[in-house]
>>> print(open('structure-v7.pdb').read())   # PDB, C-alpha atoms
ATOM      1  CA  MET T 753     -47.091 -32.511  -8.215  1.00  0.00           C
ATOM      2  CA  VAL T 754     -43.897 -33.127 -10.185  1.00  0.00           C
ATOM      3  CA  LYS T 755     -40.614 -32.735  -8.324  1.00  0.00           C
ATOM      4  CA  TYR T 756     -38.476 -30.643 -10.670  1.00  0.00           C
ATOM      5  CA  ILE T 757     -35.652 -30.469  -8.180  1.00  0.00           C
ATOM      6  CA  ASN T 758     -35.201 -34.141  -7.566  1.00  0.00           C
ATOM      7  CA  ASP T 759     -32.321 -36.497  -7.070  1.00  0.00           C
ATOM      8  CA  ASN T 760     -31.898 -37.108 -10.816  1.00  0.00           C
ATOM      9  CA  THR T 761     -31.973 -33.446 -11.889  1.00  0.00           C
ATOM     10  CA  ILE T 762     -29.477 -32.488  -9.203  1.00  0.00           C
ATOM     11  CA  LYS T 763     -27.085 -35.261 -10.197  1.00  0.00           C
ATOM     12  CA  GLU T 764     -27.464 -34.379 -13.883  1.00  0.00           C
ATOM     13  CA  PHE T 765     -26.773 -30.716 -13.128  1.00  0.00           C
ATOM     14  CA  ILE T 766     -23.645 -31.475 -11.080  1.00  0.00           C
ATOM     15  CA  ILE T 767     -22.305 -33.983 -13.631  1.00  0.00           C
ATOM     16  CA  TYR T 768     -22.897 -31.441 -16.406  1.00  0.00           C
ATOM     17  CA  LYS T 769     -20.990 -28.783 -14.434  1.00  0.00           C
ATOM     18  CA  LEU T 770     -18.093 -31.144 -13.716  1.00  0.00           C
ATOM     19  CA  GLU T 771     -17.874 -32.252 -17.355  1.00  0.00           C
ATOM     20  CA  ASN T 772     -17.937 -28.658 -18.593  1.00  0.00           C
ATOM     21  CA  GLY T 773     -15.052 -27.399 -16.506  1.00  0.00           C
ATOM     22  CA  SER T 774     -16.577 -25.901 -13.366  1.00  0.00           C
ATOM     23  CA  SER T 775     -14.108 -26.005 -10.507  1.00  0.00           C
ATOM     24  CA  GLU T 776     -14.821 -28.356  -7.653  1.00  0.00           C
ATOM     25  CA  GLY T 777     -15.004 -25.358  -5.300  1.00  0.00           C
ATOM     26  CA  THR T 778     -17.738 -23.891  -7.494  1.00  0.00           C
ATOM     27  CA  ILE T 779     -19.562 -27.234  -7.529  1.00  0.00           C
ATOM     28  CA  ASN T 780     -19.410 -27.311  -3.734  1.00  0.00           C
ATOM     29  CA  SER T 781     -20.939 -23.811  -3.564  1.00  0.00           C
ATOM     30  CA  GLN T 782     -23.657 -24.791  -6.023  1.00  0.00           C
ATOM     31  CA  ILE T 783     -24.548 -27.875  -3.991  1.00  0.00           C
ATOM     32  CA  SER T 784     -24.858 -25.668  -0.902  1.00  0.00           C
ATOM     33  CA  THR T 785     -27.091 -23.257  -2.793  1.00  0.00           C
ATOM     34  CA  LEU T 786     -29.269 -26.106  -4.070  1.00  0.00           C
ATOM     35  CA  ALA T 787     -29.620 -27.452  -0.538  1.00  0.00           C
ATOM     36  CA  LYS T 788     -30.727 -24.037   0.764  1.00  0.00           C
ATOM     37  CA  MET T 789     -33.163 -23.587  -2.113  1.00  0.00           C
ATOM     38  CA  SER T 790     -34.579 -27.027  -1.446  1.00  0.00           C
ATOM     39  CA  ASP T 791     -35.148 -26.174   2.230  1.00  0.00           C
ATOM     40  CA  ASN T 792     -36.915 -22.938   1.330  1.00  0.00           C
ATOM     41  CA  LEU T 793     -39.060 -24.511  -1.382  1.00  0.00           C
ATOM     42  CA  ASN T 794     -40.101 -27.365   0.905  1.00  0.00           C
ATOM     43  CA  GLN T 795     -41.035 -24.825   3.610  1.00  0.00           C
ATOM     44  CA  ILE T 796     -43.509 -23.119   1.279  1.00  0.00           C
ATOM     45  CA  GLY T 797     -45.011 -26.398   0.111  1.00  0.00           C
ATOM     46  CA  VAL T 798     -43.126 -27.008  -3.140  1.00  0.00           C
ATOM     47  CA  ASN T 799     -42.140 -30.667  -2.939  1.00  0.00           C
ATOM     48  CA  THR T 800     -38.431 -31.042  -3.807  1.00  0.00           C
ATOM     49  CA  THR T 801     -35.518 -33.248  -2.924  1.00  0.00           C
ATOM     50  CA  SER T 802     -34.537 -32.745   0.707  1.00  0.00           C
ATOM     51  CA  ARG T 803     -31.442 -30.937   1.890  1.00  0.00           C
ATOM     52  CA  ARG T 804     -30.196 -34.219   3.356  1.00  0.00           C
ATOM     53  CA  GLU T 805     -30.419 -35.962  -0.040  1.00  0.00           C
ATOM     54  CA  ILE T 806     -28.520 -33.138  -1.717  1.00  0.00           C
ATOM     55  CA  THR T 807     -25.744 -33.127   0.865  1.00  0.00           C
ATOM     56  CA  GLU T 808     -25.534 -36.930   0.637  1.00  0.00           C
ATOM     57  CA  TYR T 809     -24.742 -36.506  -3.059  1.00  0.00           C
ATOM     58  CA  ARG T 810     -21.889 -34.179  -2.062  1.00  0.00           C
ATOM     59  CA  ASN T 811     -20.565 -36.965   0.187  1.00  0.00           C
ATOM     60  CA  ASP T 812     -20.853 -39.453  -2.704  1.00  0.00           C
ATOM     61  CA  LEU T 813     -18.777 -37.138  -4.897  1.00  0.00           C
ATOM     62  CA  LYS T 814     -16.128 -36.809  -2.183  1.00  0.00           C
ATOM     63  CA  GLU T 815     -15.980 -40.591  -1.759  1.00  0.00           C
ATOM     64  CA  ASN T 816     -15.415 -40.880  -5.522  1.00  0.00           C
ATOM     65  CA  GLY T 817     -12.322 -38.679  -5.489  1.00  0.00           C
ATOM     66  CA  HIS T 818     -13.750 -35.173  -5.916  1.00  0.00           C
ATOM     67  CA  HIS T 819     -12.256 -32.806  -3.336  1.00  0.00           C
ATOM     68  CA  LEU T 820     -14.887 -30.051  -3.724  1.00  0.00           C
ATOM     69  CA  GLN T 821     -12.609 -27.475  -2.150  1.00  0.00           C
ATOM     70  CA  LYS T 822     -11.738 -24.009  -3.330  1.00  0.00           C
ATOM     71  CA  ASN T 823      -8.153 -23.661  -4.501  1.00  0.00           C
ATOM     72  CA  HIS T 824      -7.146 -20.331  -3.004  1.00  0.00           C
ATOM     73  CA  THR T 825      -4.122 -18.570  -4.427  1.00  0.00           C
ATOM     74  CA  ASN T 826      -2.620 -15.953  -2.151  1.00  0.00           C
ATOM     75  CA  ARG T 827      -1.890 -12.910  -4.304  1.00  0.00           C
ATOM     76  CA  ALA T 828      -0.204 -10.938  -1.519  1.00  0.00           C
ATOM     77  CA  TYR T 829       3.402  -9.928  -2.080  1.00  0.00           C
ATOM     78  CA  THR T 830       5.831 -11.530   0.324  1.00  0.00           C
ATOM     79  CA  ASN T 831       8.483  -8.793   0.281  1.00  0.00           C
ATOM     80  CA  THR T 832       6.664  -5.468   0.319  1.00  0.00           C
ATOM     81  CA  THR T 833       9.711  -3.660   1.715  1.00  0.00           C
ATOM     82  CA  ALA T 834      11.684  -4.518  -1.422  1.00  0.00           C
ATOM     83  CA  ILE T 835       8.883  -3.159  -3.595  1.00  0.00           C
ATOM     84  CA  ILE T 836       8.758   0.088  -1.629  1.00  0.00           C
ATOM     85  CA  ASN T 837      12.552   0.453  -1.732  1.00  0.00           C
ATOM     86  CA  ALA T 838      12.627  -0.193  -5.480  1.00  0.00           C
ATOM     87  CA  MET T 839      10.041   2.514  -6.061  1.00  0.00           C
ATOM     88  CA  ALA T 840      11.706   4.983  -3.673  1.00  0.00           C
ATOM     89  CA  ASN T 841      10.008   8.299  -3.051  1.00  0.00           C
ATOM     90  CA  SER T 842      10.266   9.357  -6.681  1.00  0.00           C
ATOM     91  CA  SER T 843       7.538   6.966  -7.860  1.00  0.00           C
ATOM     92  CA  PRO T 844       4.023   8.387  -7.912  1.00  0.00           C
ATOM     93  CA  TYR T 845       2.859   5.078  -6.400  1.00  0.00           C
ATOM     94  CA  SER T 846       5.182   4.891  -3.408  1.00  0.00           C
ATOM     95  CA  LEU T 847       2.767   6.679  -1.070  1.00  0.00           C
ATOM     96  CA  SER T 848      -0.092   4.429  -2.124  1.00  0.00           C
ATOM     97  CA  THR T 849       2.070   1.365  -1.581  1.00  0.00           C
ATOM     98  CA  GLN T 850       3.222   2.646   1.821  1.00  0.00           C
ATOM     99  CA  LEU T 851      -0.390   3.199   2.902  1.00  0.00           C
ATOM    100  CA  GLN T 852      -1.313  -0.306   1.815  1.00  0.00           C
ATOM    101  CA  VAL T 853       1.595  -1.795   3.762  1.00  0.00           C
ATOM    102  CA  GLU T 854       1.087   0.240   6.944  1.00  0.00           C
ATOM    103  CA  THR T 855      -2.681   0.107   7.166  1.00  0.00           C
ATOM    104  CA  GLY T 856      -3.927  -2.550   4.753  1.00  0.00           C
ATOM    105  CA  LEU T 857      -5.812  -0.075   2.571  1.00  0.00           C
ATOM    106  CA  ARG T 858      -7.485  -1.385  -0.550  1.00  0.00           C
ATOM    107  CA  ALA T 859      -5.646  -0.214  -3.668  1.00  0.00           C
ATOM    108  CA  ASP T 860      -8.548   1.987  -4.755  1.00  0.00           C
ATOM    109  CA  ASP T 861      -8.575   3.733  -1.356  1.00  0.00           C
ATOM    110  CA  ALA T 862      -4.809   4.276  -1.403  1.00  0.00           C
ATOM    111  CA  ILE T 863      -4.674   6.142  -4.721  1.00  0.00           C
ATOM    112  CA  ASN T 864      -7.097   9.017  -4.206  1.00  0.00           C
ATOM    113  CA  SER T 865      -6.513  11.649  -1.526  1.00  0.00           C
ATOM    114  CA  ALA T 866     -10.047  12.993  -2.031  1.00  0.00           C
ATOM    115  CA  LYS T 867     -11.183  10.027   0.110  1.00  0.00           C
ATOM    116  CA  TRP T 868      -8.770  10.814   2.969  1.00  0.00           C
ATOM    117  CA  ILE T 869      -9.133  12.788   6.181  1.00  0.00           C
ATOM    118  CA  LEU T 870      -6.019  12.747   8.360  1.00  0.00           C
ATOM    119  CA  ASN T 871      -6.843  12.792  12.075  1.00  0.00           C
ATOM    120  CA  ASN T 872      -4.728  14.387  14.820  1.00  0.00           C
ATOM    121  CA  ASN T 873      -3.745  10.930  16.092  1.00  0.00           C
ATOM    122  CA  ASN T 874      -2.246   9.986  12.671  1.00  0.00           C
ATOM    123  CA  THR T 875      -5.132   7.718  11.713  1.00  0.00           C
ATOM    124  CA  LEU T 876      -6.774   8.161   8.369  1.00  0.00           C
ATOM    125  CA  ASN T 877     -10.511   8.278   7.747  1.00  0.00           C
ATOM    126  CA  ILE T 878     -11.440   6.800   4.384  1.00  0.00           C
ATOM    127  CA  GLU T 879     -14.729   8.018   2.975  1.00  0.00           C
ATOM    128  CA  GLY T 880     -16.528   6.401   0.055  1.00  0.00           C
ATOM    129  CA  SER T 881     -14.699   3.095  -0.080  1.00  0.00           C
ATOM    130  CA  LYS T 882     -16.145   0.007  -1.776  1.00  0.00           C
ATOM    131  CA  ASN T 883     -19.927  -0.162  -1.375  1.00  0.00           C
ATOM    132  CA  GLY T 884     -19.903   3.314   0.212  1.00  0.00           C
ATOM    133  CA  LEU T 885     -18.062   2.115   3.311  1.00  0.00           C
ATOM    134  CA  ASN T 886     -16.370   4.699   5.574  1.00  0.00           C
ATOM    135  CA  TYR T 887     -13.687   3.540   8.000  1.00  0.00           C
ATOM    136  CA  THR T 888     -10.644   4.589  10.027  1.00  0.00           C
ATOM    137  CA  THR T 889      -7.206   3.037   9.547  1.00  0.00           C
ATOM    138  CA  SER T 890      -4.645   2.073  12.121  1.00  0.00           C
ATOM    139  CA  THR T 891      -2.087   4.705  13.124  1.00  0.00           C
ATOM    140  CA  LEU T 892       0.324   5.880  10.442  1.00  0.00           C
ATOM    141  CA  SER T 893       3.993   6.459  11.095  1.00  0.00           C
ATOM    142  CA  ASN T 894       4.920  10.145  11.504  1.00  0.00           C
ATOM    143  CA  GLU T 895       6.758  10.089   8.165  1.00  0.00           C
ATOM    144  CA  THR T 896       3.778   8.616   6.296  1.00  0.00           C
ATOM    145  CA  ALA T 897       1.350  10.988   8.031  1.00  0.00           C
ATOM    146  CA  GLN T 898       3.452  13.934   6.813  1.00  0.00           C
ATOM    147  CA  ARG T 899       3.443  12.551   3.284  1.00  0.00           C
ATOM    148  CA  VAL T 900      -0.353  12.147   3.508  1.00  0.00           C
ATOM    149  CA  ARG T 901      -0.738  15.794   4.627  1.00  0.00           C
ATOM    150  CA  GLU T 902       1.260  16.935   1.614  1.00  0.00           C
ATOM    151  CA  ALA T 903      -0.643  14.586  -0.702  1.00  0.00           C
ATOM    152  CA  ILE T 904      -4.014  15.877   0.499  1.00  0.00           C
ATOM    153  CA  GLN T 905      -2.880  19.475  -0.063  1.00  0.00           C
ATOM    154  CA  SER T 906      -1.669  18.695  -3.591  1.00  0.00           C
ATOM    155  CA  GLY T 907      -4.710  16.596  -4.547  1.00  0.00           C
ATOM    156  CA  TYR T 908      -2.791  13.325  -4.869  1.00  0.00           C
ATOM    157  CA  SER T 909      -4.376  10.838  -7.249  1.00  0.00           C
ATOM    158  CA  VAL T 910      -2.892   8.096  -9.391  1.00  0.00           C
ATOM    159  CA  ASN T 911      -4.366   5.850 -12.058  1.00  0.00           C
ATOM    160  CA  TYR T 912      -5.615   2.518 -10.682  1.00  0.00           C
ATOM    161  CA  GLY T 913      -4.736   0.697 -13.897  1.00  0.00           C
ATOM    162  CA  GLU T 914      -1.095   1.712 -13.691  1.00  0.00           C
TER     163      GLU T 914
END
>>> encode(input="structure-v7.pdb", output="structure tokens")
Amino acid sequence: MVKYINDNTIKEFIIYKLENGSSEGTINSQISTLAKMSDNLNQIGVNTTSRREITEYRNDLKENGHHLQKNHTNRAYTNTTAIINAMANSSPYSLSTQLQVETGLRADDAINSAKWILNNNNTLNIEGSKNGLNYTTSTLSNETAQRVREAIQSGYSVNYGE
């Protein structure tokens, strides 16, 4: 039986990805995926390069100056209070921003009051979040809870793109 996933094809694949602009973090993920696939294929009797050989190639790349780490950029704002103050209560987005700051709501959950149920203890149930998730937030301040009550009554909703 021919080994289609062998040492040469894996090296060729990784070199191709590196030469064509894939990030080193992506390459690292792909090596991990190849190693898992190799394990699974070998378990069902398809003879491939071993997981150990694949991970050794990762080590070779690291020894040759490739970091193979994801470059994470933190997109969080560092001064949310200044943003809230600049928007004041007149902005249609100030409530959404306040909810994100106080409870960590996802933007999509903070812009549509149809998803909200305000509880007596000032927590907020979110229904129909990403992937159909339902969850309860941490406790809102009394001021924000009052704003949420009013927003629910008025059918508060803002455009995500804005």
>>> atom_distance(input="structure-v7.pdb", atom1="CA of Ser775 (chain T)", atom2="CA of Tyr809 (chain T)")
16.7 Å
>>> resolve_selection(input="structure-v7.pdb", expression="the PyMOL selection byres ((chain T and resi 890) around 9)", output="ChimeraX atom specification")
/T:854-856,874-876,888-889,891-892
>>> atom_distance(input="structure-v7.pdb", atom1="CA of Gln782 (chain T)", atom2="CA of Gly797 (chain T)")
22.3 Å
>>> resolve_selection(input="structure-v7.pdb", expression="the PyMOL selection byres ((chain T and resi 861) around 9)", output="MDAnalysis selection string")
chainID T and resid 848 852 857:860 862:865 867:868 878:882
>>> write_last_selection(input="structure-v7.pdb", atoms="C-alpha atoms", output="mmCIF file, in the coordinates of the input")
data_model
loop_
_atom_site.group_PDB
_atom_site.id
_atom_site.type_symbol
_atom_site.label_atom_id
_atom_site.label_comp_id
_atom_site.auth_asym_id
_atom_site.auth_seq_id
_atom_site.Cartn_x
_atom_site.Cartn_y
_atom_site.Cartn_z
ATOM 1 C CA SER T 848 -0.092 4.429 -2.124
ATOM 2 C CA GLN T 852 -1.313 -0.306 1.815
ATOM 3 C CA LEU T 857 -5.812 -0.075 2.571
ATOM 4 C CA ARG T 858 -7.485 -1.385 -0.550
ATOM 5 C CA ALA T 859 -5.646 -0.214 -3.668
ATOM 6 C CA ASP T 860 -8.548 1.987 -4.755
ATOM 7 C CA ALA T 862 -4.809 4.276 -1.403
ATOM 8 C CA ILE T 863 -4.674 6.142 -4.721
ATOM 9 C CA ASN T 864 -7.097 9.017 -4.206
ATOM 10 C CA SER T 865 -6.513 11.649 -1.526
ATOM 11 C CA LYS T 867 -11.183 10.027 0.110
ATOM 12 C CA TRP T 868 -8.770 10.814 2.969
ATOM 13 C CA ILE T 878 -11.440 6.800 4.384
ATOM 14 C CA GLU T 879 -14.729 8.018 2.975
ATOM 15 C CA GLY T 880 -16.528 6.401 0.055
ATOM 16 C CA SER T 881 -14.699 3.095 -0.080
ATOM 17 C CA LYS T 882 -16.145 0.007 -1.776
#
>>> atom_distance(input="structure-v7.pdb", atom1="CA of Thr761 (chain T)", atom2="CA of Thr801 (chain T)")
9.6 Å
>>> decode(input="structure-v7.pdb", residues="region 784-832 of chain T", atoms="C-alpha atoms", output="PDB file, in the first residue's frame")
ATOM      1  CA  SER T 784      -1.628  19.434  14.640  1.00  0.00           C
ATOM      2  CA  THR T 785      -4.512  18.487  12.367  1.00  0.00           C
ATOM      3  CA  LEU T 786      -2.240  16.333  10.201  1.00  0.00           C
ATOM      4  CA  ALA T 787      -0.927  14.566  13.295  1.00  0.00           C
ATOM      5  CA  LYS T 788      -4.473  13.798  14.486  1.00  0.00           C
ATOM      6  CA  MET T 789      -5.510  12.598  11.036  1.00  0.00           C
ATOM      7  CA  SER T 790      -2.451  10.382  10.893  1.00  0.00           C
ATOM      8  CA  ASP T 791      -3.328   8.807  14.257  1.00  0.00           C
ATOM      9  CA  ASN T 792      -6.892   8.125  13.144  1.00  0.00           C
ATOM     10  CA  LEU T 793      -5.889   6.734   9.755  1.00  0.00           C
ATOM     11  CA  ASN T 794      -3.284   4.444  11.313  1.00  0.00           C
ATOM     12  CA  GLN T 795      -5.908   3.193  13.801  1.00  0.00           C
ATOM     13  CA  ILE T 796      -8.166   2.029  10.972  1.00  0.00           C
ATOM     14  CA  GLY T 797      -5.323   0.376   9.085  1.00  0.00           C
ATOM     15  CA  VAL T 798      -4.385   3.071   6.566  1.00  0.00           C
ATOM     16  CA  ASN T 799      -0.595   3.180   6.729  1.00  0.00           C
ATOM     17  CA  THR T 800       0.567   6.812   7.062  1.00  0.00           C
ATOM     18  CA  THR T 801       3.378   8.762   8.620  1.00  0.00           C
ATOM     19  CA  SER T 802       3.182   8.560  12.405  1.00  0.00           C
ATOM     20  CA  ARG T 803       2.124  11.382  14.677  1.00  0.00           C
ATOM     21  CA  ARG T 804       5.631  11.387  16.152  1.00  0.00           C
ATOM     22  CA  GLU T 805       7.208  11.960  12.717  1.00  0.00           C
ATOM     23  CA  ILE T 806       4.835  14.833  12.005  1.00  0.00           C
ATOM     24  CA  THR T 807       5.490  16.536  15.328  1.00  0.00           C
ATOM     25  CA  GLU T 808       9.241  16.044  14.826  1.00  0.00           C
ATOM     26  CA  TYR T 809       8.921  18.086  11.634  1.00  0.00           C
ATOM     27  CA  ARG T 810       7.300  20.851  13.703  1.00  0.00           C
ATOM     28  CA  ASN T 811      10.357  20.766  15.987  1.00  0.00           C
ATOM     29  CA  ASP T 812      12.657  20.963  12.938  1.00  0.00           C
ATOM     30  CA  LEU T 813      10.808  24.069  11.749  1.00  0.00           C
ATOM     31  CA  LYS T 814      11.128  25.675  15.186  1.00  0.00           C
ATOM     32  CA  GLU T 815      14.858  24.913  15.280  1.00  0.00           C
ATOM     33  CA  ASN T 816      15.183  26.625  11.885  1.00  0.00           C
ATOM     34  CA  GLY T 817      13.717  29.906  13.111  1.00  0.00           C
ATOM     35  CA  HIS T 818       9.974  29.434  12.578  1.00  0.00           C
ATOM     36  CA  HIS T 819       8.050  30.427  15.709  1.00  0.00           C
ATOM     37  CA  LEU T 820       4.776  28.684  14.758  1.00  0.00           C
ATOM     38  CA  GLN T 821       2.799  30.776  17.209  1.00  0.00           C
ATOM     39  CA  LYS T 822      -0.415  32.665  16.698  1.00  0.00           C
ATOM     40  CA  ASN T 823       0.008  36.428  16.772  1.00  0.00           C
ATOM     41  CA  HIS T 824      -2.987  37.526  18.816  1.00  0.00           C
ATOM     42  CA  THR T 825      -4.071  41.139  18.604  1.00  0.00           C
ATOM     43  CA  ASN T 826      -6.243  42.291  21.474  1.00  0.00           C
ATOM     44  CA  ARG T 827      -9.098  44.289  19.961  1.00  0.00           C
ATOM     45  CA  ALA T 828     -10.590  45.312  23.309  1.00  0.00           C
ATOM     46  CA  TYR T 829     -10.795  49.024  24.027  1.00  0.00           C
ATOM     47  CA  THR T 830      -8.646  50.144  26.921  1.00  0.00           C
ATOM     48  CA  ASN T 831     -10.733  53.151  27.983  1.00  0.00           C
ATOM     49  CA  THR T 832     -14.375  52.128  27.746  1.00  0.00           C
TER      50      THR T 832
END
